[in-house]
Every structure is written in C-alpha cells, then in structure tokens.
Amino acid sequence: MSRDDLKATFFAECEDLLDQLSEGTGELEAGTATEETVHAIFRAVHSIKGAAGAFALDTLVKFAHRFETVLDRLRSGSLVLDPDALQTILRSGDMLAELVELAQAESDEEPSQMAELIDLLVGLSGSEEDGPGAPEPDEAFEFTAVSFMPLSFDEPGEDAEDVYKIRVPAIADLFRNGHDPFLLFAELVGLGQLDVSCDASALPVSDEFDPNRCYLSWELTLTGSMTEVSIRDAFVFLDDICEIEQVSGGSAGPVLDLPGIETEDSPMTIAEPSNPSMPQVAAEEAAAEPAAATSSTSEPAAAEKSKAAKPAASIPQTTLRVDPERVDRLINTVGELIINQAVITQKLVASGMASNSDIMSDLDDYQYLARELQEGVMAIRAQPVKPLFQRMQRIVREAAYSLGKDVALVTEGEATEIDKTLVERLAEPLTHMIRNAVDHGIEGPEKRAAAGKPAQGTIKLSAAHCSGDVLIEISDDGAGLNRKRILEKAVSQGMVAADAKMADSEIDNLLFMAGFSTAEKVTNLSGRGVGMDVVKTAITSLGGRISISSRQGMGTKFSIALPLTLAVMDGMVIHAAGETLVAPLSSVVETIRPKPKDILPFGRDGRLLSIRGTYVPIVNLARLLGFPTEAEITSDNILILIRSEQSGLVALAVDDISDQRQVVIKSLEGNYGAIEGISAATILGDGRIALIIDTDAILSLAGHYGREMASREEMDYAQTATMG
Amino acid sequence: MPRPQQWGDDDVLEFVTLKAAGQSFCIEITQIREIRRWTPVTALPHAEEAVLGVMNLRGAVIPIIDLAARLGLGECEASPRHVIIVVAIGSKTIGLLVDSVSEILTVEGSQICEAPTMGGGDIPNSILGLISIEEGMSRILAPEILVPRGLTDAA
C-alpha cells in the first residue's frame, strides 16, 4: 500500500468519522444527546486528529486538538453546554469537515473563521488545560494505531512507566493447540522489562502425568512504556483466557475501551476480584482443573468482561468498502443477464413454443430470479440521503452565520435511499439551493418580526419515494418570490418582452433561465450569476425534473423528482427510417396520431402541428439524425411531443412506436465517442443495439426552427393547458 | 529493404491474415480479441462512411468499421459470410469488417520488410510492414490508424 493509498483510506475514514461527528452534534443540538453521544463525538475528533498527525496535516491536527480539549471537558462534566458552547461546537464540527476537505484538496489555505473559532475553543477549554504556554501533548501521541481504532485515553501518560500483570492460567490444551509459552513470553520481552514467575504446584507427581498437557500457570510482570494493544497483540491467541491488568502507570492510568482489558482504576473491576493475588489465581486453577472446564469457565467470564467494557466502545463498523467499479461491473453483467433472458424468451416464442410448456414456465422462474438479482445489485448502489442532508445542515449553519440570520434546517425522510451517483451529484445543486434559501428566501430578522413570523427561519429538506421516483423538496418559510422584481429583471435583461403578460408560474420559471439573478448585491454566498439554471441543468442531466412554487409571504418550495438509478431508465421504443431508437420517457409529454388537417406547411419544407389552438414545430427525427429518408411528414407518422428546456415544445415525427420499457443504459463513449443528438445506447430484447436520443440535443440540432418561436409556442401551450 | 524498427530480427511473431477488397492484410495476434460472424449493426447518425454502426458484443457497444472502406478500397457489401475481427486498440475495442480470415502466420522479425512510403495514396500510413506469403504479400495493419477519424484523441 503506497502512501497515497493510505491517504485515500484516511480520507474515506474521515468521511465516516465526520458523519458520526455531525450525527452527534445534531443530537446535541436537538437536545437528545446522551453521555455516549459526547463520547462518540470525542472519539471521532480524536481519531481524525490521530490519523491526521500521521500524515503531518498540521493545521488539521492543531484545530482538532483544541476541539478535542473542549469536548474532553464536556465529557468530564467540567464544561456546561450552554447555547454559546453548543454553537461553538457545531461550528467547530463544520470547521473540522472543511479542514479535512482542504487537506484532501492539498490546500494550505486557512479558513477565514478558523482563528476566531480557535479563540472561542481556547476560551471554552479553560486556562489550566490549555494555557498559552502549555506544551502540545499531541507530540507524544502514539500514532501506531493508524488503523484508526478509536482509542480513548483520559491522559496521554507520556513518560510514565506502566506496569502490567498478566496471568496465564493453566490451559490444559495449550500445547495441543500448538502454543509455546516461551515464544509468547519472548515477544513481550521486546516491549519492556519482563519478570516471569511460574506456578508449578498443579503438576502431578504420580503417573497421572500427561506430557501433552499443560499443568503450569504463569504470572508475568511487564514494566515499560508499552500500550495495552501491543500486549493484546502478542496474546492474540489467548486473548480471552489471560488476564491483563495494569497495576501502576502514568498519573491517571490509561483507561482502555478494549473489551477484556482491565485497569485498576476502571469501575469495571467490580465484577472481578479487586486485587487478585497468587493464591486466588491458584484457587482458580484448582477449580478449573478438569481439562474441559478450563476454557468453558473462563469463556463466559471473558464474555461478561467484554460486555461490561462494551458501553464505552464504539459501534463496530458493519459497512463494506467496495470499489464502485466492481459494483458497476456487476450491474452491467446483471443487465446483460436480463437482456439475455429476454433474447431467449423471444427466440423460444418465435420457435412456436407453447406458453404453457415446461420450458416456458422455467423461463418465467429465470426471469423472476434475474429481476431479483438486478434489484439486489441495484440496492448495493443505493445509499440513504442522510449524509447528504447532514452536509446541508452545515451549509445552513455557515450561511446563516455569515448572513447574521437565525435559520434552522429540518430534514425529513433521511433514510430514503437513492443511487450513490445521484447522492454525489446532488450535493452541488442542493448546496446551491440551500444557500439561496438562506440568502434570498428567509428574510432578515426585522422583516420577519414585522411579518409576525418567528425569529428563527425554517428550511425544510425532505426526501421520499414517489411512484418510482425520488422526490426531494426544499421549502422555506420566507417571503416567497418577488415576482415583480423577477419580471423587471427579466425585462431589463432582455429575456422577456416588456409588455409580456405572464402567469405567476411562468414568472417563477424565469429563475431557471441562464444568466438570471435577482440578487441586488452580490453576496459571498449567492448571486454570482451562476444561478438556478445551473441547478436545473445539473438536475436534468441526472434525468430529473425540477419545479418551483411560491406563495407571497409564505415561502418558496422547490421540488426535484429524480429517477431511482442512473443505470436504467424508462424509455419509449420508436422507429424512424428503419432504425430503432429509444426516447427517454421523462421528456415525452404525449404522443399523437395527427389528423391530416392538423399538419400545416410552414416555410419551404417545414411543418407545424396544430394542437389545441397552438402550433408546434414538427421535426423529422430520421432526417435530423442523418438517416436516409425521403418520406414527407404525413398523418401516417406518429408525433411525439417532447419538451426541452431551451426549445420548449416540439413534435418529433417518427414511423412507429413499438414499446415502452425499462432500458439498461450503455455508454457509447468508451469504444466510440460522443454523437450529437444521442445520449447513450441500450440493448433490446433481440440483442440489437438501439440508440437513446438526447432530446435536448436533438432540439438544438433542429434549431433552424428558431428558438424564439418555439419557446413562445411552449408558453402558449402551457397557458392553454392550464386554462383547459 | 530495411525492416521496421518495432520488431527485432529474432522476434518470433504471429499474425492473423485476412482478406479485404481482395488484398491480403494481417494483424498481430496479440491485438485481436476475437473473430465473429457478421451480424446486422445499428447505424450511427452523422458517422463517417467507413463506420457501419455499432454492435452488441456481450453487452459492450462496439463500433464496426468497414476495413476496405476505411483504407479507401471501396465499400464492402456485408453479408453473413463476412467476418468481424474484434481488435483492442488502447482502451477502445472496435470491430473490423473483412471478407475472410485466412490463417495464422508465424514469422521472424527478419522476414518483415518495411512498407514503401510512396504510392498507394492513404494506404502507407496504415501499413507497418510487409510479409511475403505464397500468393504474394500480406500487409501488416496498424490498427490504431483505423480508429474512426476524430475519435483518436478521445481514446
């Protein structure tokens, strides 16, 4: 493993730890925190600090250390969690996440708020622990546990000599299991000064003596500055049976969370003889004399011990890290399997196989299993939106702080699972929208008070599954959209005619137009000209749709509907000039078999479709894609009405529609390259490839119809649609 | 005639010989992934003439190129008797439509002659060398040159 790999692992771990951290701080904020919450936060920060030290990420270590000190005081109860302290802790958590991000980007930049936060943290950490001249204890930290095991030390215990007593009882099967006590003890010699005393009192003198059996017990005294972990490592095979006890050590004595390890100061020792001495050990041995009993009696004891020590230990990591590429490969193969199954079915049916024959019913089973498998594999990629939502908490806090507003983010449906890629690619548009909501949506404190609203603004972020889609909603209880200003702005930017009469929803939708920004002043957060159009493009590229609704004085709501996964999509199988193509169902508005009188000539060879009183340009799909076709558009064609963001409503003329089905998306770019008007390919039931058309690109290809007109057409259509 | 530089005198090399537009060509065996029968392809919009379309190769979408057309030797009228040679070029996999595949040729580096750089129009760019065979000569193809124009950069 190279250093880069290790670093990548570190950042992946950090992500988890930061999740734990924000979960914990969330609980603190919500007031549902328990003692364990504080421990969990502390451990997360500590683990990040420890690992960051190993990579010499000094800024991160420095900050984490201050933060940790405060958390330690909180943990020990010497710090009371008042609102100010809570705010500092929340912001410190955010800062830590930001620092990790900076470290990942290998940037040396220091975030602007860092100095201020450090001052706040130092203020909270009390003079005694972190006076200006205090030495940095991190130097002495043992970074051996780069496995990021969350160890928690009460005190680093730098130079103190620790003394450990290890009792090895007489284990009857010791030799038979292939252990050699000499080698075990020899390993300990490397750790420190070792004194061994052997208790041979159990040795039988008579001919009962069995040379394969171990009658001896030992007591080892190890002196030196070693960690418990290293002792545990040496005794890994006898872990449950031996007792390891620290009899003296640094000032307070390390308290370890490892199950089965006892220290004298630990409250867990109650369950054990408080100070076991030799005779007691011997007595134990005697009691355990029957060979089989030795292990069976000591095991429950060990189990009990580990149970007793458990509460402070971290929850074991049950997730599996898998290279996404492997999952993708699996998804691909399963997609193939399903296509293959369809091919077989199709061929059997074509060969005249009766549908009630055995083989056909077996094939049904095959189909069922293949679908099961596909669902299972898809589920691997599915992830809850929780981490994404937690990140948004951070965005709200940062934004609210820098704007001097009081805003709370309420999340709902955090357990909703969506494709991992979607989670990743949603982060940016969501961040943008959340910032917008804080900046433009929620009013300033005075305005809120004047409107009789609570001082704290609320942004609600929710996720839910809704008929095969994932619905994500962002709503705020702010002032709502200022339609008058939006319209003025749009007119001044030449986006709409000055005398245009527009419905409220149309005005709202102006927000999504490129280059539109209403912010009167460019703030740090939003209003940099990259507006909602970027958000809309991002959502559309994910196969999703976004809509907006707003009520004056009540707030604004954005709704995003996304497909569950990017690997498959719903498509309409269409035919044009003898080629089979797939149109994404999400962009199909309706399909029409036109009457001859509805197709009207327009220009030299253009055609318009008259529909419900408006005129929609007709585009010959085959010609647009350069497929040889002579045919004029007639009423024999089927028209597919599609809506695109830029061109509005357009009718695509095709020969036929044969099916509506889920298709597995295959990239064309791997072996060929990008093709204008085509987004990807898919494989049909007969094994042939069908191209998936990219409706937006198709329509920009058809640009000669004039964008202007098309968009006006769309608005007319929308109006008729709402009126009718 | 000097030998092309990429092959040493003592290298033992294996080539698959094939026929396209009546001429014999060969491709180093290590570049060939598989050989399969022609099956109808799906046409691509706005593709150059030599690109016949795309084919489903066990789930991978691979472009099929008419070798004869690509070399400027006239279009090939594809039928089930024709053969597709699947070739790996860098990270891309493409299929070449040819008339037939003949044999595997084992030659030593010293038996390979350099192709002349004059005459033959576009052809010399795509030919790495020449090997004498019974019925004349076989032209060693440089498959990288066969990737559709304009897509080589995207590789």
# chains A, B, ... in the order shown; residues from 1 in each chain; ligands from 1
>>> interface_residues(of="chain B", to="chain A", cutoff="6 Å", atoms="only C-alpha atoms", output="PyMOL selection string")
chain B and resi 42+45-46+59+62+92-93
>>> write_last_selection(atoms="N, CA, C and O atoms", output="PDB file, in the first residue's frame")
ATOM      1  N   THR B  42     -26.330  -1.515 -35.798  1.00  0.00           N
ATOM      2  CA  THR B  42     -27.212  -0.358 -35.644  1.00  0.00           C
ATOM      3  C   THR B  42     -26.476   0.869 -36.162  1.00  0.00           C
ATOM      4  O   THR B  42     -25.390   1.192 -35.674  1.00  0.00           O
ATOM      5  N   PRO B  45     -25.869   7.974 -36.294  1.00  0.00           N
ATOM      6  CA  PRO B  45     -26.077   9.213 -37.020  1.00  0.00           C
ATOM      7  C   PRO B  45     -24.753   9.975 -37.200  1.00  0.00           C
ATOM      8  O   PRO B  45     -23.878   9.894 -36.339  1.00  0.00           O
ATOM      9  N   HIS B  46     -24.654  10.680 -38.282  1.00  0.00           N
ATOM     10  CA  HIS B  46     -23.517  11.559 -38.545  1.00  0.00           C
ATOM     11  C   HIS B  46     -22.176  10.843 -38.497  1.00  0.00           C
ATOM     12  O   HIS B  46     -21.161  11.437 -38.166  1.00  0.00           O
ATOM     13  N   GLY B  59     -22.781  -7.226 -24.425  1.00  0.00           N
ATOM     14  CA  GLY B  59     -23.089  -6.102 -23.548  1.00  0.00           C
ATOM     15  C   GLY B  59     -22.240  -4.877 -23.798  1.00  0.00           C
ATOM     16  O   GLY B  59     -22.591  -3.794 -23.382  1.00  0.00           O
ATOM     17  N   ILE B  62     -19.761  -1.851 -29.412  1.00  0.00           N
ATOM     18  CA  ILE B  62     -18.522  -1.584 -30.150  1.00  0.00           C
ATOM     19  C   ILE B  62     -18.834  -1.115 -31.577  1.00  0.00           C
ATOM     20  O   ILE B  62     -19.742  -1.616 -32.228  1.00  0.00           O
ATOM     21  N   LYS B  92      -9.919   1.275 -26.247  1.00  0.00           N
ATOM     22  CA  LYS B  92     -11.107   1.056 -27.068  1.00  0.00           C
ATOM     23  C   LYS B  92     -11.119  -0.330 -27.695  1.00  0.00           C
ATOM     24  O   LYS B  92     -10.079  -0.915 -27.953  1.00  0.00           O
ATOM     25  N   THR B  93     -12.302  -0.839 -27.928  1.00  0.00           N
ATOM     26  CA  THR B  93     -12.448  -2.084 -28.663  1.00  0.00           C
ATOM     27  C   THR B  93     -13.266  -1.768 -29.907  1.00  0.00           C
ATOM     28  O   THR B  93     -14.330  -1.148 -29.794  1.00  0.00           O
TER      29      THR B  93
END
>>> select_by_dssp(residues="segment 19-70 of chain B", states="helix (DSSP H, G or I)", output="number ranges by chain")
B: 29-31, 67-70
>>> residues_around(residues="Glu101 of chain A", least_positions_apart="5", cutoff="12 Å", atoms="only C-alpha atoms", output="number ranges by chain")
A: 10-12, 14-15, 18, 57, 60, 94-96, 106-111
>>> write_last_selection(atoms="C-alpha atoms", output="PDB file, in the first residue's frame")
ATOM      1  CA  PHE A  10      -7.630   8.114   5.682  1.00  0.00           C
ATOM      2  CA  PHE A  11      -9.986  10.452   3.862  1.00  0.00           C
ATOM      3  CA  ALA A  12     -12.536   7.711   3.409  1.00  0.00           C
ATOM      4  CA  CYS A  14     -12.583  10.743   7.828  1.00  0.00           C
ATOM      5  CA  GLU A  15     -15.789  10.883   5.865  1.00  0.00           C
ATOM      6  CA  LEU A  18     -17.275  13.271  10.145  1.00  0.00           C
ATOM      7  CA  LEU A  57      -1.607  17.660   8.436  1.00  0.00           C
ATOM      8  CA  LEU A  60      -5.996  19.908  10.980  1.00  0.00           C
ATOM      9  CA  ASP A  94     -18.187  22.216  10.421  1.00  0.00           C
ATOM     10  CA  MET A  95     -14.717  23.688  10.507  1.00  0.00           C
ATOM     11  CA  LEU A  96     -13.177  20.293  11.018  1.00  0.00           C
ATOM     12  CA  GLU A 106      -3.938  19.619  -0.593  1.00  0.00           C
ATOM     13  CA  SER A 107      -4.563  23.245   0.038  1.00  0.00           C
ATOM     14  CA  ASP A 108      -2.644  25.106   2.715  1.00  0.00           C
ATOM     15  CA  GLU A 109      -5.227  27.812   2.943  1.00  0.00           C
ATOM     16  CA  GLU A 110      -6.569  28.577   6.388  1.00  0.00           C
ATOM     17  CA  PRO A 111     -10.318  29.081   6.505  1.00  0.00           C
TER      18      PRO A 111
END
>>> select_by_dssp(residues="segment 284-470 of chain A", states="strand (DSSP E or B)", output="list in words")
Ala382, Gln383, Pro384, Val407, Ala408, Leu409, Val410, Thr411, Glu412, Glu417, Ile418, Asp419, Gly457, Thr458, Ile459, Lys460, Leu461, Ser462, Ala463, Ala464, His465, Cys466, Asp469 and Val470 of chain A
>>> closest_residue(among="B:Ala47, B:Val12, B:Ile140, B:Ile85", to="Ser100 of chain B", atoms="only C-alpha atoms")
B:Ile85
>>> residues_around(residues="Leu141 of chain B", least_positions_apart="4", cutoff="7 Å", atoms="only C-alpha atoms", output="list in words")
Phe25, Cys26, Ile27, Ser126, Ile127 and Leu128 of chain B
>>> residues_around(residues="Lys19 of chain B", least_positions_apart="3", cutoff="6 Å", atoms="only C-alpha atoms", output="list in words")
Gly22, Gln23, Ser24, Asp99 and Ser100 of chain B
>>> write_last_selection(atoms="N, CA and C atoms", output="compact mmCIF listing (two decimals), in the first residue's frame")
# COMPACT_ATOMS: atom_id res chain seq x y z
N GLY B 22 -10.11 -7.96 -51.63
CA GLY B 22 -9.28 -8.83 -52.44
C GLY B 22 -7.79 -8.81 -52.09
N GLN B 23 -7.39 -7.96 -51.15
CA GLN B 23 -5.98 -7.92 -50.78
C GLN B 23 -5.76 -8.61 -49.45
N SER B 24 -4.54 -9.09 -49.26
CA SER B 24 -4.22 -9.77 -48.00
C SER B 24 -3.63 -8.76 -47.01
N ASP B 99 -13.48 -9.49 -45.52
CA ASP B 99 -14.08 -10.55 -46.34
C ASP B 99 -13.93 -11.91 -45.67
N SER B 100 -12.72 -12.20 -45.24
CA SER B 100 -12.49 -13.51 -44.63
C SER B 100 -11.19 -13.48 -43.83
>>> residues_around(residues="Leu422 of chain A", least_positions_apart="2", cutoff="9 Å", atoms="only C-alpha atoms", output="list in words")
Ile418, Asp419, Lys420, Glu424, Arg425, Leu426, Ala427, Leu542, Leu562, Pro563, Leu564, Thr565 and Leu566 of chain A
>>> write_last_selection(atoms="all heavy atoms", output="mmCIF file, in the first residue's frame")
data_model
loop_
_atom_site.group_PDB
_atom_site.id
_atom_site.type_symbol
_atom_site.label_atom_id
_atom_site.label_comp_id
_atom_site.auth_asym_id
_atom_site.auth_seq_id
_atom_site.Cartn_x
_atom_site.Cartn_y
_atom_site.Cartn_z
ATOM 1 N N ILE A 418 -31.157 6.399 -2.433
ATOM 2 C CA ILE A 418 -31.049 6.641 -3.871
ATOM 3 C C ILE A 418 -29.667 6.214 -4.356
ATOM 4 O O ILE A 418 -28.771 5.963 -3.548
ATOM 5 C CB ILE A 418 -31.315 8.124 -4.251
ATOM 6 C CG1 ILE A 418 -30.380 9.052 -3.500
ATOM 7 C CG2 ILE A 418 -32.744 8.476 -4.005
ATOM 8 C CD1 ILE A 418 -30.521 10.489 -3.948
ATOM 9 N N ASP A 419 -29.511 6.148 -5.643
ATOM 10 C CA ASP A 419 -28.252 5.725 -6.226
ATOM 11 C C ASP A 419 -27.100 6.605 -5.728
ATOM 12 O O ASP A 419 -27.225 7.810 -5.617
ATOM 13 C CB ASP A 419 -28.357 5.809 -7.749
ATOM 14 C CG ASP A 419 -27.201 5.136 -8.430
ATOM 15 O OD1 ASP A 419 -26.135 5.759 -8.585
ATOM 16 O OD2 ASP A 419 -27.369 3.965 -8.793
ATOM 17 N N LYS A 420 -25.981 5.926 -5.454
ATOM 18 C CA LYS A 420 -24.801 6.620 -4.928
ATOM 19 C C LYS A 420 -24.386 7.798 -5.819
ATOM 20 O O LYS A 420 -24.090 8.881 -5.317
ATOM 21 C CB LYS A 420 -23.658 5.619 -4.833
ATOM 22 C CG LYS A 420 -22.406 6.153 -4.187
ATOM 23 C CD LYS A 420 -21.411 5.014 -4.059
ATOM 24 C CE LYS A 420 -19.990 5.420 -3.775
ATOM 25 N NZ LYS A 420 -19.704 6.648 -3.139
ATOM 26 N N GLU A 424 -24.013 11.759 -4.855
ATOM 27 C CA GLU A 424 -22.818 12.577 -5.073
ATOM 28 C C GLU A 424 -23.123 13.794 -5.934
ATOM 29 O O GLU A 424 -22.679 14.898 -5.648
ATOM 30 C CB GLU A 424 -21.733 11.737 -5.748
ATOM 31 C CG GLU A 424 -21.047 10.807 -4.774
ATOM 32 C CD GLU A 424 -20.350 9.643 -5.463
ATOM 33 O OE1 GLU A 424 -20.324 9.645 -6.717
ATOM 34 O OE2 GLU A 424 -19.853 8.763 -4.761
ATOM 35 N N ARG A 425 -23.894 13.533 -6.977
ATOM 36 C CA ARG A 425 -24.090 14.629 -7.922
ATOM 37 C C ARG A 425 -25.183 15.593 -7.507
ATOM 38 O O ARG A 425 -25.346 16.647 -8.104
ATOM 39 C CB ARG A 425 -24.322 14.077 -9.318
ATOM 40 C CG ARG A 425 -23.002 13.513 -9.832
ATOM 41 C CD ARG A 425 -23.096 12.762 -11.120
ATOM 42 N NE ARG A 425 -23.687 13.524 -12.198
ATOM 43 C CZ ARG A 425 -23.946 12.964 -13.385
ATOM 44 N NH1 ARG A 425 -23.654 11.697 -13.589
ATOM 45 N NH2 ARG A 425 -24.497 13.668 -14.333
ATOM 46 N N LEU A 426 -25.904 15.243 -6.465
ATOM 47 C CA LEU A 426 -26.925 16.154 -5.938
ATOM 48 C C LEU A 426 -26.319 17.179 -5.010
ATOM 49 O O LEU A 426 -26.911 18.235 -4.777
ATOM 50 C CB LEU A 426 -27.974 15.361 -5.156
ATOM 51 C CG LEU A 426 -29.247 14.991 -5.877
ATOM 52 C CD1 LEU A 426 -30.138 14.217 -4.929
ATOM 53 C CD2 LEU A 426 -29.961 16.222 -6.375
ATOM 54 N N ALA A 427 -25.153 16.867 -4.468
ATOM 55 C CA ALA A 427 -24.573 17.711 -3.422
ATOM 56 C C ALA A 427 -24.469 19.158 -3.882
ATOM 57 O O ALA A 427 -24.881 20.074 -3.167
ATOM 58 C CB ALA A 427 -23.209 17.173 -3.011
ATOM 59 N N LEU A 542 -29.211 14.530 -14.633
ATOM 60 C CA LEU A 542 -29.412 13.324 -13.835
ATOM 61 C C LEU A 542 -30.727 12.646 -14.212
ATOM 62 O O LEU A 542 -31.151 11.697 -13.564
ATOM 63 C CB LEU A 542 -29.431 13.654 -12.340
ATOM 64 C CG LEU A 542 -28.124 14.154 -11.739
ATOM 65 C CD1 LEU A 542 -28.340 14.605 -10.305
ATOM 66 C CD2 LEU A 542 -27.071 13.077 -11.785
ATOM 67 N N LEU A 562 -36.378 12.748 -9.146
ATOM 68 C CA LEU A 562 -35.211 12.086 -9.730
ATOM 69 C C LEU A 562 -35.503 10.620 -9.959
ATOM 70 O O LEU A 562 -36.266 10.010 -9.215
ATOM 71 C CB LEU A 562 -34.034 12.187 -8.759
ATOM 72 C CG LEU A 562 -33.356 13.535 -8.607
ATOM 73 C CD1 LEU A 562 -32.446 13.500 -7.402
ATOM 74 C CD2 LEU A 562 -32.570 13.871 -9.849
ATOM 75 N N PRO A 563 -34.864 10.022 -10.978
ATOM 76 C CA PRO A 563 -35.017 8.576 -11.135
ATOM 77 C C PRO A 563 -34.249 7.867 -10.017
ATOM 78 O O PRO A 563 -33.329 8.438 -9.429
ATOM 79 C CB PRO A 563 -34.363 8.304 -12.484
ATOM 80 C CG PRO A 563 -33.373 9.412 -12.644
ATOM 81 C CD PRO A 563 -33.972 10.601 -11.966
ATOM 82 N N LEU A 564 -34.647 6.640 -9.711
ATOM 83 C CA LEU A 564 -34.003 5.911 -8.615
ATOM 84 C C LEU A 564 -32.553 5.576 -8.944
ATOM 85 O O LEU A 564 -31.722 5.446 -8.074
ATOM 86 C CB LEU A 564 -34.752 4.609 -8.339
ATOM 87 C CG LEU A 564 -36.033 4.768 -7.555
ATOM 88 C CD1 LEU A 564 -36.706 3.430 -7.401
ATOM 89 C CD2 LEU A 564 -35.733 5.364 -6.188
ATOM 90 N N THR A 565 -32.279 5.392 -10.178
ATOM 91 C CA THR A 565 -30.931 4.988 -10.542
ATOM 92 C C THR A 565 -30.568 5.552 -11.900
ATOM 93 O O THR A 565 -31.437 5.925 -12.679
ATOM 94 C CB THR A 565 -30.811 3.454 -10.571
ATOM 95 O OG1 THR A 565 -29.633 3.101 -11.304
ATOM 96 C CG2 THR A 565 -32.002 2.817 -11.266
ATOM 97 N N LEU A 566 -29.289 5.611 -12.170
ATOM 98 C CA LEU A 566 -28.842 6.121 -13.454
ATOM 99 C C LEU A 566 -28.587 4.991 -14.444
ATOM 100 O O LEU A 566 -28.347 5.222 -15.608
ATOM 101 C CB LEU A 566 -27.545 6.910 -13.260
ATOM 102 C CG LEU A 566 -27.676 8.164 -12.425
ATOM 103 C CD1 LEU A 566 -26.332 8.807 -12.242
ATOM 104 C CD2 LEU A 566 -28.630 9.124 -13.093
#
>>> atom_distance(atom1="atom CA of Val349 of chain A", atom2="atom CA of Leu585 of chain A")
27.6 Å
>>> residues_around(residues="Pro387 of chain A", least_positions_apart="4", cutoff="12 Å", atoms="only C-alpha atoms", output="mmCIF file with N, CA and C atoms, in the first residue's frame")
data_model
loop_
_atom_site.group_PDB
_atom_site.id
_atom_site.type_symbol
_atom_site.label_atom_id
_atom_site.label_comp_id
_atom_site.auth_asym_id
_atom_site.auth_seq_id
_atom_site.Cartn_x
_atom_site.Cartn_y
_atom_site.Cartn_z
ATOM 1 N N GLU A 15 -14.417 10.667 6.291
ATOM 2 C CA GLU A 15 -15.789 10.883 5.865
ATOM 3 C C GLU A 15 -16.756 10.211 6.840
ATOM 4 N N ASP A 16 -16.435 8.962 7.175
ATOM 5 C CA ASP A 16 -17.268 8.232 8.136
ATOM 6 C C ASP A 16 -17.273 8.929 9.485
ATOM 7 N N LEU A 17 -16.063 9.293 9.920
ATOM 8 C CA LEU A 17 -15.941 9.905 11.243
ATOM 9 C C LEU A 17 -16.678 11.240 11.278
ATOM 10 N N LEU A 18 -16.576 11.986 10.189
ATOM 11 C CA LEU A 18 -17.275 13.271 10.145
ATOM 12 C C LEU A 18 -18.782 13.065 10.157
ATOM 13 N N ASP A 19 -19.208 11.982 9.527
ATOM 14 C CA ASP A 19 -20.633 11.643 9.588
ATOM 15 C C ASP A 19 -21.060 11.384 11.019
ATOM 16 N N GLN A 20 -20.223 10.595 11.710
ATOM 17 C CA GLN A 20 -20.528 10.301 13.116
ATOM 18 C C GLN A 20 -20.561 11.590 13.919
ATOM 19 N N LEU A 21 -19.576 12.440 13.614
ATOM 20 C CA LEU A 21 -19.460 13.706 14.325
ATOM 21 C C LEU A 21 -20.709 14.550 14.118
ATOM 22 N N SER A 22 -21.128 14.665 12.856
ATOM 23 C CA SER A 22 -22.265 15.556 12.613
ATOM 24 C C SER A 22 -23.556 14.939 13.148
ATOM 25 N N GLU A 23 -23.574 13.611 13.153
ATOM 26 C CA GLU A 23 -24.734 12.953 13.760
ATOM 27 C C GLU A 23 -24.799 13.316 15.240
ATOM 28 N N GLY A 26 -25.604 16.872 15.824
ATOM 29 C CA GLY A 26 -27.036 17.027 15.560
ATOM 30 C C GLY A 26 -27.857 16.683 16.793
ATOM 31 N N GLN A 383 -27.951 4.394 -1.512
ATOM 32 C CA GLN A 383 -27.459 4.938 -0.251
ATOM 33 C C GLN A 383 -28.503 5.864 0.337
ATOM 34 N N ARG A 391 -24.810 17.211 5.489
ATOM 35 C CA ARG A 391 -23.937 18.216 4.925
ATOM 36 C C ARG A 391 -24.684 19.521 4.758
ATOM 37 N N MET A 392 -25.957 19.406 4.450
ATOM 38 C CA MET A 392 -26.756 20.612 4.244
ATOM 39 C C MET A 392 -26.944 21.371 5.555
ATOM 40 N N GLN A 393 -27.003 20.598 6.666
ATOM 41 C CA GLN A 393 -27.063 21.256 7.984
ATOM 42 C C GLN A 393 -25.897 22.230 8.111
ATOM 43 N N ARG A 394 -24.758 21.743 7.694
ATOM 44 C CA ARG A 394 -23.538 22.520 7.781
ATOM 45 C C ARG A 394 -23.637 23.764 6.908
ATOM 46 N N THR A 411 -34.976 18.291 8.522
ATOM 47 C CA THR A 411 -34.894 17.284 7.464
ATOM 48 C C THR A 411 -35.912 16.182 7.709
ATOM 49 N N GLY A 413 -37.240 12.222 6.041
ATOM 50 C CA GLY A 413 -37.007 11.128 5.099
ATOM 51 C C GLY A 413 -35.533 10.871 4.819
ATOM 52 N N GLU A 414 -34.710 11.027 5.869
ATOM 53 C CA GLU A 414 -33.274 10.852 5.684
ATOM 54 C C GLU A 414 -32.900 9.440 5.275
ATOM 55 N N ALA A 415 -33.770 8.491 5.565
ATOM 56 C CA ALA A 415 -33.444 7.095 5.277
ATOM 57 C C ALA A 415 -33.737 6.725 3.832
ATOM 58 N N THR A 416 -34.338 7.650 3.097
ATOM 59 C CA THR A 416 -34.652 7.376 1.697
ATOM 60 C C THR A 416 -33.371 7.050 0.926
ATOM 61 N N GLU A 417 -33.414 5.939 0.214
ATOM 62 C CA GLU A 417 -32.197 5.520 -0.480
ATOM 63 C C GLU A 417 -32.249 5.859 -1.959
ATOM 64 N N ILE A 418 -31.157 6.399 -2.433
ATOM 65 C CA ILE A 418 -31.049 6.641 -3.871
ATOM 66 C C ILE A 418 -29.667 6.214 -4.356
ATOM 67 N N LYS A 420 -25.981 5.926 -5.454
ATOM 68 C CA LYS A 420 -24.801 6.620 -4.928
ATOM 69 C C LYS A 420 -24.386 7.798 -5.819
ATOM 70 N N VAL A 423 -26.530 10.656 -5.180
ATOM 71 C CA VAL A 423 -26.197 11.327 -3.924
ATOM 72 C C VAL A 423 -25.028 12.270 -4.155
ATOM 73 N N GLU A 424 -24.013 11.759 -4.855
ATOM 74 C CA GLU A 424 -22.818 12.577 -5.073
ATOM 75 C C GLU A 424 -23.123 13.794 -5.934
ATOM 76 N N LEU A 426 -25.904 15.243 -6.465
ATOM 77 C CA LEU A 426 -26.925 16.154 -5.938
ATOM 78 C C LEU A 426 -26.319 17.179 -5.010
ATOM 79 N N ALA A 427 -25.153 16.867 -4.468
ATOM 80 C CA ALA A 427 -24.573 17.711 -3.422
ATOM 81 C C ALA A 427 -24.469 19.158 -3.882
#
